[in-house]
$ cat run25.pdb   # PDB, C-alpha atoms, pLDDT in the B column
ATOM      1  CA  MET A 113       0.000   0.000   0.000  1.00 54.00           C
ATOM      2  CA  ALA A 114       1.101   3.525  -0.691  1.00 64.00           C
ATOM      3  CA  GLU A 115       0.759   6.623   1.441  1.00 76.00           C
ATOM      4  CA  LEU A 116      -2.294   6.329   3.693  1.00 83.00           C
ATOM      5  CA  SER A 117      -4.834   9.070   4.277  1.00 81.00           C
ATOM      6  CA  GLY A 118      -7.214   9.183   7.200  1.00 85.00           C
ATOM      7  CA  VAL A 119      -4.798   7.954   9.872  1.00 88.00           C
ATOM      8  CA  VAL A 120      -5.698   9.509  13.216  1.00 87.00           C
ATOM      9  CA  ARG A 121      -3.092   9.988  15.927  1.00 84.00           C
ATOM     10  CA  VAL A 122      -4.639   9.078  19.286  1.00 81.00           C
ATOM     11  CA  GLY A 123      -3.215  11.422  21.906  1.00 69.00           C
ATOM     12  CA  SER A 124       0.158  13.130  21.758  1.00 67.00           C
ATOM     13  CA  ALA A 125       2.568  10.435  22.921  1.00 69.00           C
ATOM     14  CA  GLY A 126       2.666   8.696  19.534  1.00 77.00           C
ATOM     15  CA  THR A 127       1.915   5.181  20.813  1.00 82.00           C
ATOM     16  CA  VAL A 128      -1.529   4.619  19.262  1.00 86.00           C
ATOM     17  CA  ILE A 129      -3.068   5.466  15.891  1.00 87.00           C
ATOM     18  CA  CYS A 130      -6.448   4.664  14.377  1.00 89.00           C
ATOM     19  CA  TYR A 131      -7.042   3.751  10.751  1.00 89.00           C
ATOM     20  CA  GLU A 132     -10.423   2.790   9.260  1.00 88.00           C
ATOM     21  CA  GLY A 133     -11.869   2.200  12.730  1.00 85.00           C
ATOM     22  CA  GLU A 134      -9.067  -0.069  13.960  1.00 87.00           C
ATOM     23  CA  ASP A 135      -6.526   0.801  16.619  1.00 87.00           C
ATOM     24  CA  TYR A 136      -2.843   0.247  15.852  1.00 89.00           C
ATOM     25  CA  VAL A 137      -0.248   0.186  18.638  1.00 88.00           C
ATOM     26  CA  LYS A 138       3.412   1.151  18.364  1.00 87.00           C
ATOM     27  CA  VAL A 139       5.640  -1.937  18.404  1.00 85.00           C
ATOM     28  CA  GLU A 140       9.366  -2.606  18.316  1.00 83.00           C
ATOM     29  CA  GLY A 141      11.161  -4.583  15.645  1.00 80.00           C
ATOM     30  CA  ARG A 142      10.578  -5.097  11.948  1.00 82.00           C
ATOM     31  CA  ALA A 143       7.320  -4.324  10.209  1.00 83.00           C
ATOM     32  CA  ARG A 144       5.242  -7.112   8.706  1.00 85.00           C
ATOM     33  CA  ARG A 145       2.368  -7.372   6.253  1.00 87.00           C
ATOM     34  CA  GLY A 146      -0.652  -5.414   7.502  1.00 87.00           C
ATOM     35  CA  ASP A 147       1.332  -3.044   9.713  1.00 89.00           C
ATOM     36  CA  ILE A 148       1.449   0.702   9.255  1.00 89.00           C
ATOM     37  CA  VAL A 149       4.731   2.605   9.367  1.00 88.00           C
ATOM     38  CA  LEU A 150       5.298   6.273  10.076  1.00 89.00           C
ATOM     39  CA  VAL A 151       8.257   7.748   8.234  1.00 86.00           C
ATOM     40  CA  ARG A 152       9.942  10.019  10.791  1.00 80.00           C
ATOM     41  CA  GLY A 153      12.902  11.201   8.749  1.00 71.00           C
ATOM     42  CA  ASP A 154      14.289  11.484   5.257  1.00 67.00           C
ATOM     43  CA  ILE A 155      15.115   7.817   4.731  1.00 69.00           C
ATOM     44  CA  SER A 156      14.367   8.061   1.026  1.00 71.00           C
ATOM     45  CA  ASN A 157      13.671  10.688  -1.614  1.00 72.00           C
ATOM     46  CA  TYR A 158      10.544   8.709  -2.475  1.00 74.00           C
ATOM     47  CA  LEU A 159       8.963   8.437   0.976  1.00 80.00           C
ATOM     48  CA  ARG A 160       7.572  11.588   2.553  1.00 81.00           C
ATOM     49  CA  ALA A 161       8.557  12.382   6.131  1.00 81.00           C
ATOM     50  CA  ASP A 162       5.745  12.402   8.741  1.00 82.00           C
ATOM     51  CA  GLU A 163       3.479  10.300   6.513  1.00 87.00           C
ATOM     52  CA  PHE A 164       1.979   6.847   7.095  1.00 89.00           C
ATOM     53  CA  TYR A 165       2.396   3.882   4.729  1.00 89.00           C
ATOM     54  CA  GLY A 166       0.721   0.486   4.684  1.00 87.00           C
ATOM     55  CA  VAL A 167       3.118  -2.475   4.710  1.00 88.00           C
ATOM     56  CA  ASN A 168       2.915  -5.356   2.252  1.00 87.00           C
ATOM     57  CA  ALA A 169       5.201  -8.326   1.550  1.00 85.00           C
ATOM     58  CA  ASP A 170       6.349 -10.140  -1.579  1.00 85.00           C
ATOM     59  CA  GLU A 171       6.314 -13.912  -2.189  1.00 83.00           C
ATOM     60  CA  ASP A 172       9.602 -14.249  -0.289  1.00 82.00           C
ATOM     61  CA  GLY A 173       8.165 -12.489   2.755  1.00 79.00           C
ATOM     62  CA  ASP A 174      10.216  -9.327   2.309  1.00 81.00           C
ATOM     63  CA  GLU A 175       8.318  -6.262   3.536  1.00 82.00           C
ATOM     64  CA  TYR A 176       7.813  -3.209   1.377  1.00 82.00           C
ATOM     65  CA  VAL A 177       5.654  -0.139   0.844  1.00 84.00           C
ATOM     66  CA  LEU A 178       4.757   1.726  -2.319  1.00 81.00           C
ATOM     67  CA  ASP A 179       6.452   5.085  -2.623  1.00 75.00           C
ATOM     68  CA  VAL A 180       5.103   8.337  -4.093  1.00 72.00           C
ATOM     69  CA  ASP A 181       5.603   6.965  -7.628  1.00 74.00           C
ATOM     70  CA  GLU A 182       3.840   3.682  -6.735  1.00 77.00           C
ATOM     71  CA  ASP A 183       7.208   1.924  -6.929  1.00 80.00           C
ATOM     72  CA  VAL A 184       8.151  -0.809  -4.465  1.00 83.00           C
ATOM     73  CA  PHE A 185      10.351   0.389  -1.602  1.00 79.00           C
ATOM     74  CA  TYR A 186      11.998  -2.356   0.490  1.00 80.00           C
ATOM     75  CA  PHE A 187      13.085  -1.769   4.057  1.00 73.00           C
ATOM     76  CA  SER A 188      16.601  -2.321   5.316  1.00 68.00           C
ATOM     77  CA  GLU A 189      18.084  -2.433   8.810  1.00 59.00           C
ATOM     78  CA  ARG A 190      19.604   0.981   8.142  1.00 58.00           C
ATOM     79  CA  ASN A 191      16.401   2.799   7.311  1.00 63.00           C
ATOM     80  CA  TYR A 192      14.415   1.188  10.136  1.00 65.00           C
ATOM     81  CA  ASP A 193      15.911   3.859  12.374  1.00 69.00           C
ATOM     82  CA  GLY A 194      13.679   6.378  10.601  1.00 77.00           C
ATOM     83  CA  LEU A 195      10.448   4.378  10.958  1.00 84.00           C
ATOM     84  CA  THR A 196       7.870   3.871  13.671  1.00 87.00           C
ATOM     85  CA  VAL A 197       5.944   0.609  13.298  1.00 88.00           C
ATOM     86  CA  PHE A 198       2.282   0.280  14.308  1.00 90.00           C
ATOM     87  CA  ARG A 199       0.410  -3.025  14.479  1.00 88.00           C
ATOM     88  CA  GLY A 200      -3.320  -3.684  14.489  1.00 86.00           C
ATOM     89  CA  GLY A 201      -5.253  -6.646  15.830  1.00 82.00           C
ATOM     90  CA  VAL A 202      -3.533  -6.409  19.198  1.00 76.00           C
ATOM     91  CA  SER A 203      -4.996  -7.721  22.435  1.00 77.00           C
ATOM     92  CA  THR A 204      -7.000  -5.535  24.781  1.00 81.00           C
ATOM     93  CA  GLU A 205      -4.183  -5.905  27.303  1.00 82.00           C
ATOM     94  CA  THR A 206      -1.624  -4.542  24.825  1.00 79.00           C
ATOM     95  CA  LEU A 207      -3.915  -1.683  23.812  1.00 78.00           C
ATOM     96  CA  LEU A 208      -4.557  -0.849  27.469  1.00 83.00           C
ATOM     97  CA  ALA A 209      -0.815  -0.797  28.193  1.00 82.00           C
ATOM     98  CA  ALA A 210      -0.270   1.582  25.260  1.00 79.00           C
ATOM     99  CA  GLN A 211      -3.066   3.856  26.437  1.00 80.00           C
ATOM    100  CA  ARG A 212      -1.597   3.867  29.961  1.00 86.00           C
ATOM    101  CA  GLU A 213       1.750   4.882  28.496  1.00 82.00           C
ATOM    102  CA  GLU A 214      -0.022   7.622  26.560  1.00 80.00           C
ATOM    103  CA  LEU A 215      -1.763   8.797  29.750  1.00 85.00           C
ATOM    104  CA  ALA A 216       1.496   8.782  31.744  1.00 86.00           C
ATOM    105  CA  LYS A 217       3.158  11.002  29.130  1.00 84.00           C
ATOM    106  CA  ILE A 218       0.180  13.372  29.104  1.00 85.00           C
ATOM    107  CA  ILE A 219       0.245  13.602  32.922  1.00 90.00           C
ATOM    108  CA  ALA A 220       3.989  14.310  32.840  1.00 89.00           C
ATOM    109  CA  THR A 221       3.455  17.030  30.228  1.00 88.00           C
ATOM    110  CA  ILE A 222       0.671  18.589  32.306  1.00 91.00           C
ATOM    111  CA  ALA A 223       2.923  18.586  35.383  1.00 92.00           C
ATOM    112  CA  GLU A 224       5.701  20.320  33.426  1.00 92.00           C
ATOM    113  CA  LEU A 225       3.270  22.942  32.112  1.00 91.00           C
ATOM    114  CA  GLU A 226       1.815  23.543  35.585  1.00 91.00           C
ATOM    115  CA  THR A 227       5.320  24.083  36.960  1.00 89.00           C
ATOM    116  CA  LYS A 228       6.116  26.444  34.093  1.00 88.00           C
ATOM    117  CA  LEU A 229       2.852  28.351  34.620  1.00 87.00           C
ATOM    118  CA  ALA A 230       3.469  28.666  38.362  1.00 84.00           C
ATOM    119  CA  ASP A 231       6.959  29.984  37.653  1.00 81.00           C
ATOM    120  CA  GLU A 232       5.596  32.453  35.095  1.00 80.00           C
ATOM    121  CA  LYS A 233       3.072  33.775  37.633  1.00 80.00           C
ATOM    122  CA  THR A 234       5.524  33.961  40.534  1.00 84.00           C
ATOM    123  CA  LEU A 235       6.671  37.520  41.098  1.00 86.00           C
ATOM    124  CA  LYS A 236      10.399  38.184  41.234  1.00 89.00           C
ATOM    125  CA  VAL A 237      12.427  41.329  41.799  1.00 90.00           C
ATOM    126  CA  GLY A 238      12.499  43.291  38.547  1.00 90.00           C
ATOM    127  CA  ASP A 239       9.156  41.986  37.260  1.00 92.00           C
ATOM    128  CA  TYR A 240       6.434  44.302  36.037  1.00 93.00           C
ATOM    129  CA  ALA A 241       3.107  43.975  37.838  1.00 93.00           C
ATOM    130  CA  ARG A 242      -0.337  45.494  38.188  1.00 92.00           C
ATOM    131  CA  VAL A 243      -1.455  46.452  41.708  1.00 91.00           C
ATOM    132  CA  ILE A 244      -4.409  44.343  42.838  1.00 91.00           C
ATOM    133  CA  ASP A 245      -4.541  45.287  46.532  1.00 89.00           C
ATOM    134  CA  PRO A 246      -2.495  48.328  47.627  1.00 87.00           C
ATOM    135  CA  GLY A 247      -3.350  47.709  51.264  1.00 81.00           C
ATOM    136  CA  CYS A 248      -2.972  50.905  53.293  1.00 77.00           C
ATOM    137  CA  GLU A 249      -0.564  52.503  50.810  1.00 73.00           C
ATOM    138  CA  PRO A 250      -2.098  55.885  49.870  1.00 76.00           C
ATOM    139  CA  ALA A 251       0.326  56.557  47.021  1.00 79.00           C
ATOM    140  CA  LEU A 252      -0.930  53.629  44.921  1.00 85.00           C
ATOM    141  CA  SER A 253      -4.266  52.554  43.465  1.00 85.00           C
ATOM    142  CA  VAL A 254      -5.652  49.342  42.077  1.00 89.00           C
ATOM    143  CA  GLY A 255      -4.426  48.932  38.505  1.00 88.00           C
ATOM    144  CA  ASP A 256      -1.230  50.970  38.875  1.00 89.00           C
ATOM    145  CA  ILE A 257       1.740  49.558  36.968  1.00 92.00           C
ATOM    146  CA  VAL A 258       4.771  48.910  39.157  1.00 93.00           C
ATOM    147  CA  VAL A 259       8.155  47.217  39.196  1.00 92.00           C
ATOM    148  CA  ILE A 260       8.854  44.755  42.009  1.00 92.00           C
ATOM    149  CA  SER A 261      11.852  45.989  44.013  1.00 90.00           C
ATOM    150  CA  GLU A 262      11.714  43.764  47.092  1.00 88.00           C
ATOM    151  CA  ILE A 263       9.820  40.731  48.389  1.00 87.00           C
ATOM    152  CA  ASP A 264       9.294  40.029  52.095  1.00 82.00           C
ATOM    153  CA  PRO A 265       7.705  36.581  52.477  1.00 73.00           C
ATOM    154  CA  ASP A 266       7.627  36.946  56.278  1.00 73.00           C
ATOM    155  CA  ASP A 267       5.189  39.864  56.232  1.00 63.00           C
ATOM    156  CA  ASP A 268       1.619  38.549  56.075  1.00 63.00           C
ATOM    157  CA  GLU A 269       0.171  41.955  55.220  1.00 63.00           C
ATOM    158  CA  LEU A 270       2.506  43.933  52.951  1.00 64.00           C
ATOM    159  CA  THR A 271       4.867  41.535  51.207  1.00 82.00           C
ATOM    160  CA  LEU A 272       5.819  43.408  48.030  1.00 88.00           C
ATOM    161  CA  GLY A 273       8.079  46.419  47.791  1.00 89.00           C
ATOM    162  CA  VAL A 274       7.349  48.254  44.535  1.00 92.00           C
ATOM    163  CA  HIS A 275       8.267  51.296  42.467  1.00 89.00           C
ATOM    164  CA  PRO A 276       5.500  52.848  40.348  1.00 89.00           C
ATOM    165  CA  VAL A 277       6.708  52.935  36.757  1.00 88.00           C
ATOM    166  CA  LEU A 278       5.421  56.482  36.232  1.00 81.00           C
ATOM    167  CA  ASN A 279       6.969  57.648  39.507  1.00 80.00           C
ATOM    168  CA  PRO A 280      10.029  55.475  40.234  1.00 79.00           C
ATOM    169  CA  LYS A 281      11.194  57.651  43.136  1.00 82.00           C
ATOM    170  CA  ILE A 282       8.339  56.336  45.257  1.00 82.00           C
ATOM    171  CA  THR A 283       8.886  53.093  47.190  1.00 84.00           C
ATOM    172  CA  ALA A 284       5.718  51.480  48.503  1.00 87.00           C
ATOM    173  CA  TRP A 285       4.676  48.209  50.101  1.00 88.00           C
ATOM    174  CA  VAL A 286       1.508  46.535  48.858  1.00 89.00           C
ATOM    175  CA  ARG A 287      -0.416  43.352  49.579  1.00 86.00           C
ATOM    176  CA  THR A 288      -1.025  41.845  46.145  1.00 88.00           C
ATOM    177  CA  CYS A 289       0.124  42.354  42.554  1.00 90.00           C
ATOM    178  CA  GLY A 290      -0.527  40.454  39.352  1.00 90.00           C
ATOM    179  CA  LYS A 291       2.489  39.729  37.151  1.00 91.00           C
ATOM    180  CA  ILE A 292       2.401  41.168  33.630  1.00 91.00           C
ATOM    181  CA  THR A 293       4.804  41.135  30.719  1.00 90.00           C
ATOM    182  CA  PRO A 294       6.923  44.165  29.771  1.00 90.00           C
ATOM    183  CA  ALA A 295       4.763  44.560  26.652  1.00 92.00           C
ATOM    184  CA  GLU A 296       1.583  44.560  28.759  1.00 92.00           C
ATOM    185  CA  ALA A 297       3.152  47.081  31.150  1.00 91.00           C
ATOM    186  CA  LYS A 298       4.088  49.377  28.271  1.00 91.00           C
ATOM    187  CA  ALA A 299       0.592  49.181  26.771  1.00 91.00           C
ATOM    188  CA  ALA A 300      -1.049  49.919  30.127  1.00 88.00           C
ATOM    189  CA  ILE A 301       1.236  52.876  30.815  1.00 87.00           C
ATOM    190  CA  LEU A 302       0.641  54.355  27.356  1.00 89.00           C
ATOM    191  CA  ALA A 303      -3.111  53.983  27.906  1.00 86.00           C
ATOM    192  CA  GLN A 304      -2.820  55.819  31.238  1.00 79.00           C
ATOM    193  CA  VAL A 305      -0.787  58.624  29.664  1.00 79.00           C
ATOM    194  CA  GLU A 306      -3.243  58.941  26.797  1.00 83.00           C
ATOM    195  CA  ALA A 307      -6.128  59.110  29.264  1.00 78.00           C
ATOM    196  CA  GLN A 308      -4.383  61.949  31.110  1.00 75.00           C
ATOM    197  CA  PHE A 309      -4.056  63.978  27.899  1.00 78.00           C
ATOM    198  CA  LYS A 310      -7.730  63.403  27.098  1.00 71.00           C
ATOM    199  CA  GLU A 311      -8.655  64.730  30.530  1.00 62.00           C
ATOM    200  CA  VAL A 312      -6.543  67.852  29.942  1.00 60.00           C
ATOM    201  CA  ALA A 313      -8.105  68.429  26.549  1.00 54.00           C
TER     202      ALA A 313
END

$ encode --input "run25.pdb" --output "structure tokens"
Amino acid sequence: MAELSGVVRVGSAGTVICYEGEDYVKVEGRARRGDIVLVRGDISNYLRADEFYGVNADEDGDEYVLDVDEDVFYFSERNYDGLTVFRGGVSTETLLAAQREELAKIIATIAELETKLADEKTLKVGDYARVIDPGCEPALSVGDIVVISEIDPDDDELTLGVHPVLNPKITAWVRTCGKITPAEAKAAILAQVEAQFKEVA
């Protein structure tokens, strides 16, 4: 069989695919008749990378696929390094093991993203932020754009030392700020400046 269309990748771990209603599981070793292979790299000028091909075999049992010109392409030990082999007709136990592997990789990815998100939201000295709760600080209001200058984790009330971007000579301590990017800080400050000119006009 030549290049296959309609192959669905199940999940993101690359262990299960579905073709014409049948599940195929990633296996190790050589492909055999009825398997599906994914070409991962440029193993041939006639097989497209990141495409699926159905595997057939000749009368001697040698496995092959049909390339883009419908010519026979035989596998070798060398080019197996660029293939991922999927096999259908597997047992429920094998399919379940593959799905568990898929789930484990998804959970690991989610954990990595949660850690990254928590790090992105954690305020550090030098970060730009928007004041959420100024506490008893009269010089600042909710929504003011500030730069974090100091963090005191031992103070339950006013933990963040900040400098207002539009008035950096002021040092204030506030309860809560929300981290923003430099681009967001710039946009917010420009909007505030523009609003001031509108009020003057």

$ residues_around --input "run25.pdb" --residues "range 141-144 of chain A" --least-positions-apart "5" --cutoff "8 Å" --atoms "all atoms listed in the file" --output "PyMOL selection string"
chain A and resi 149+167-169+175+192+197-198

$ atom_distance --input "run25.pdb" --atom1 "CA of Tyr240 in chain A" --atom2 "CA of Asp264 in chain A"
16.9 Å

$ closest_residue --input "run25.pdb" --among "A:Ile129, A:Leu116, A:Ala299, A:Val177" --to "Arg145 in chain A" --atoms "all atoms listed in the file"
A:Val177

$ residues_around --input "run25.pdb" --residues "Cys130 in chain A" --least-positions-apart "5" --cutoff "12 Å" --atoms "only C-alpha atoms" --output "compact mmCIF listing (two decimals) with C-alpha atoms, keeping the file's coordinate frame"
# COMPACT_ATOMS: atom_id res chain seq x y z
CA LEU A 116 -2.29 6.33 3.69
CA SER A 117 -4.83 9.07 4.28
CA GLY A 118 -7.21 9.18 7.20
CA VAL A 119 -4.80 7.95 9.87
CA VAL A 120 -5.70 9.51 13.22
CA ARG A 121 -3.09 9.99 15.93
CA VAL A 122 -4.64 9.08 19.29
CA GLY A 123 -3.22 11.42 21.91
CA ASP A 135 -6.53 0.80 16.62
CA TYR A 136 -2.84 0.25 15.85
CA VAL A 137 -0.25 0.19 18.64
CA LYS A 138 3.41 1.15 18.36
CA ASP A 147 1.33 -3.04 9.71
CA ILE A 148 1.45 0.70 9.26
CA PHE A 164 1.98 6.85 7.10
CA PHE A 198 2.28 0.28 14.31
CA ARG A 199 0.41 -3.02 14.48
CA GLY A 200 -3.32 -3.68 14.49
CA GLY A 201 -5.25 -6.65 15.83
CA LEU A 207 -3.92 -1.68 23.81

$ atom_distance --input "run25.pdb" --atom1 "CA of Ile257 in chain A" --atom2 "CA of Lys228 in chain A"
23.7 Å

$ closest_residue --input "run25.pdb" --among "A:Lys291, A:Val254, A:Glu134, A:Lys298" --to "Val202 in chain A" --atoms "all atoms listed in the file"
A:Glu134

$ closest_residue --input "run25.pdb" --among "A:Leu195, A:Ile260, A:Val184, A:Ala297" --to "Arg152 in chain A" --atoms "all atoms listed in the file"
A:Leu195

$ resolve_selection --input "run25.pdb" --expression "the PyMOL selection byres ((chain A and resi 215) around 12)" --output "ChimeraX atom specification"
/A:122-128,208-214,216-222

$ residues_near_point --input "run25.pdb" --point "(6.9, 12.9, 6.6)" --cutoff "9 Å" --atoms "all atoms listed in the file" --output "list in words"
Leu150, Val151, Arg152, Gly153, Asp154, Leu159, Arg160, Ala161, Asp162, Glu163 and Phe164 of chain A

$ closest_residue --input "run25.pdb" --among "A:Glu115, A:Asp239, A:Asp174, A:Val274" --to "Ala295 in chain A" --atoms "all atoms listed in the file"
A:Asp239
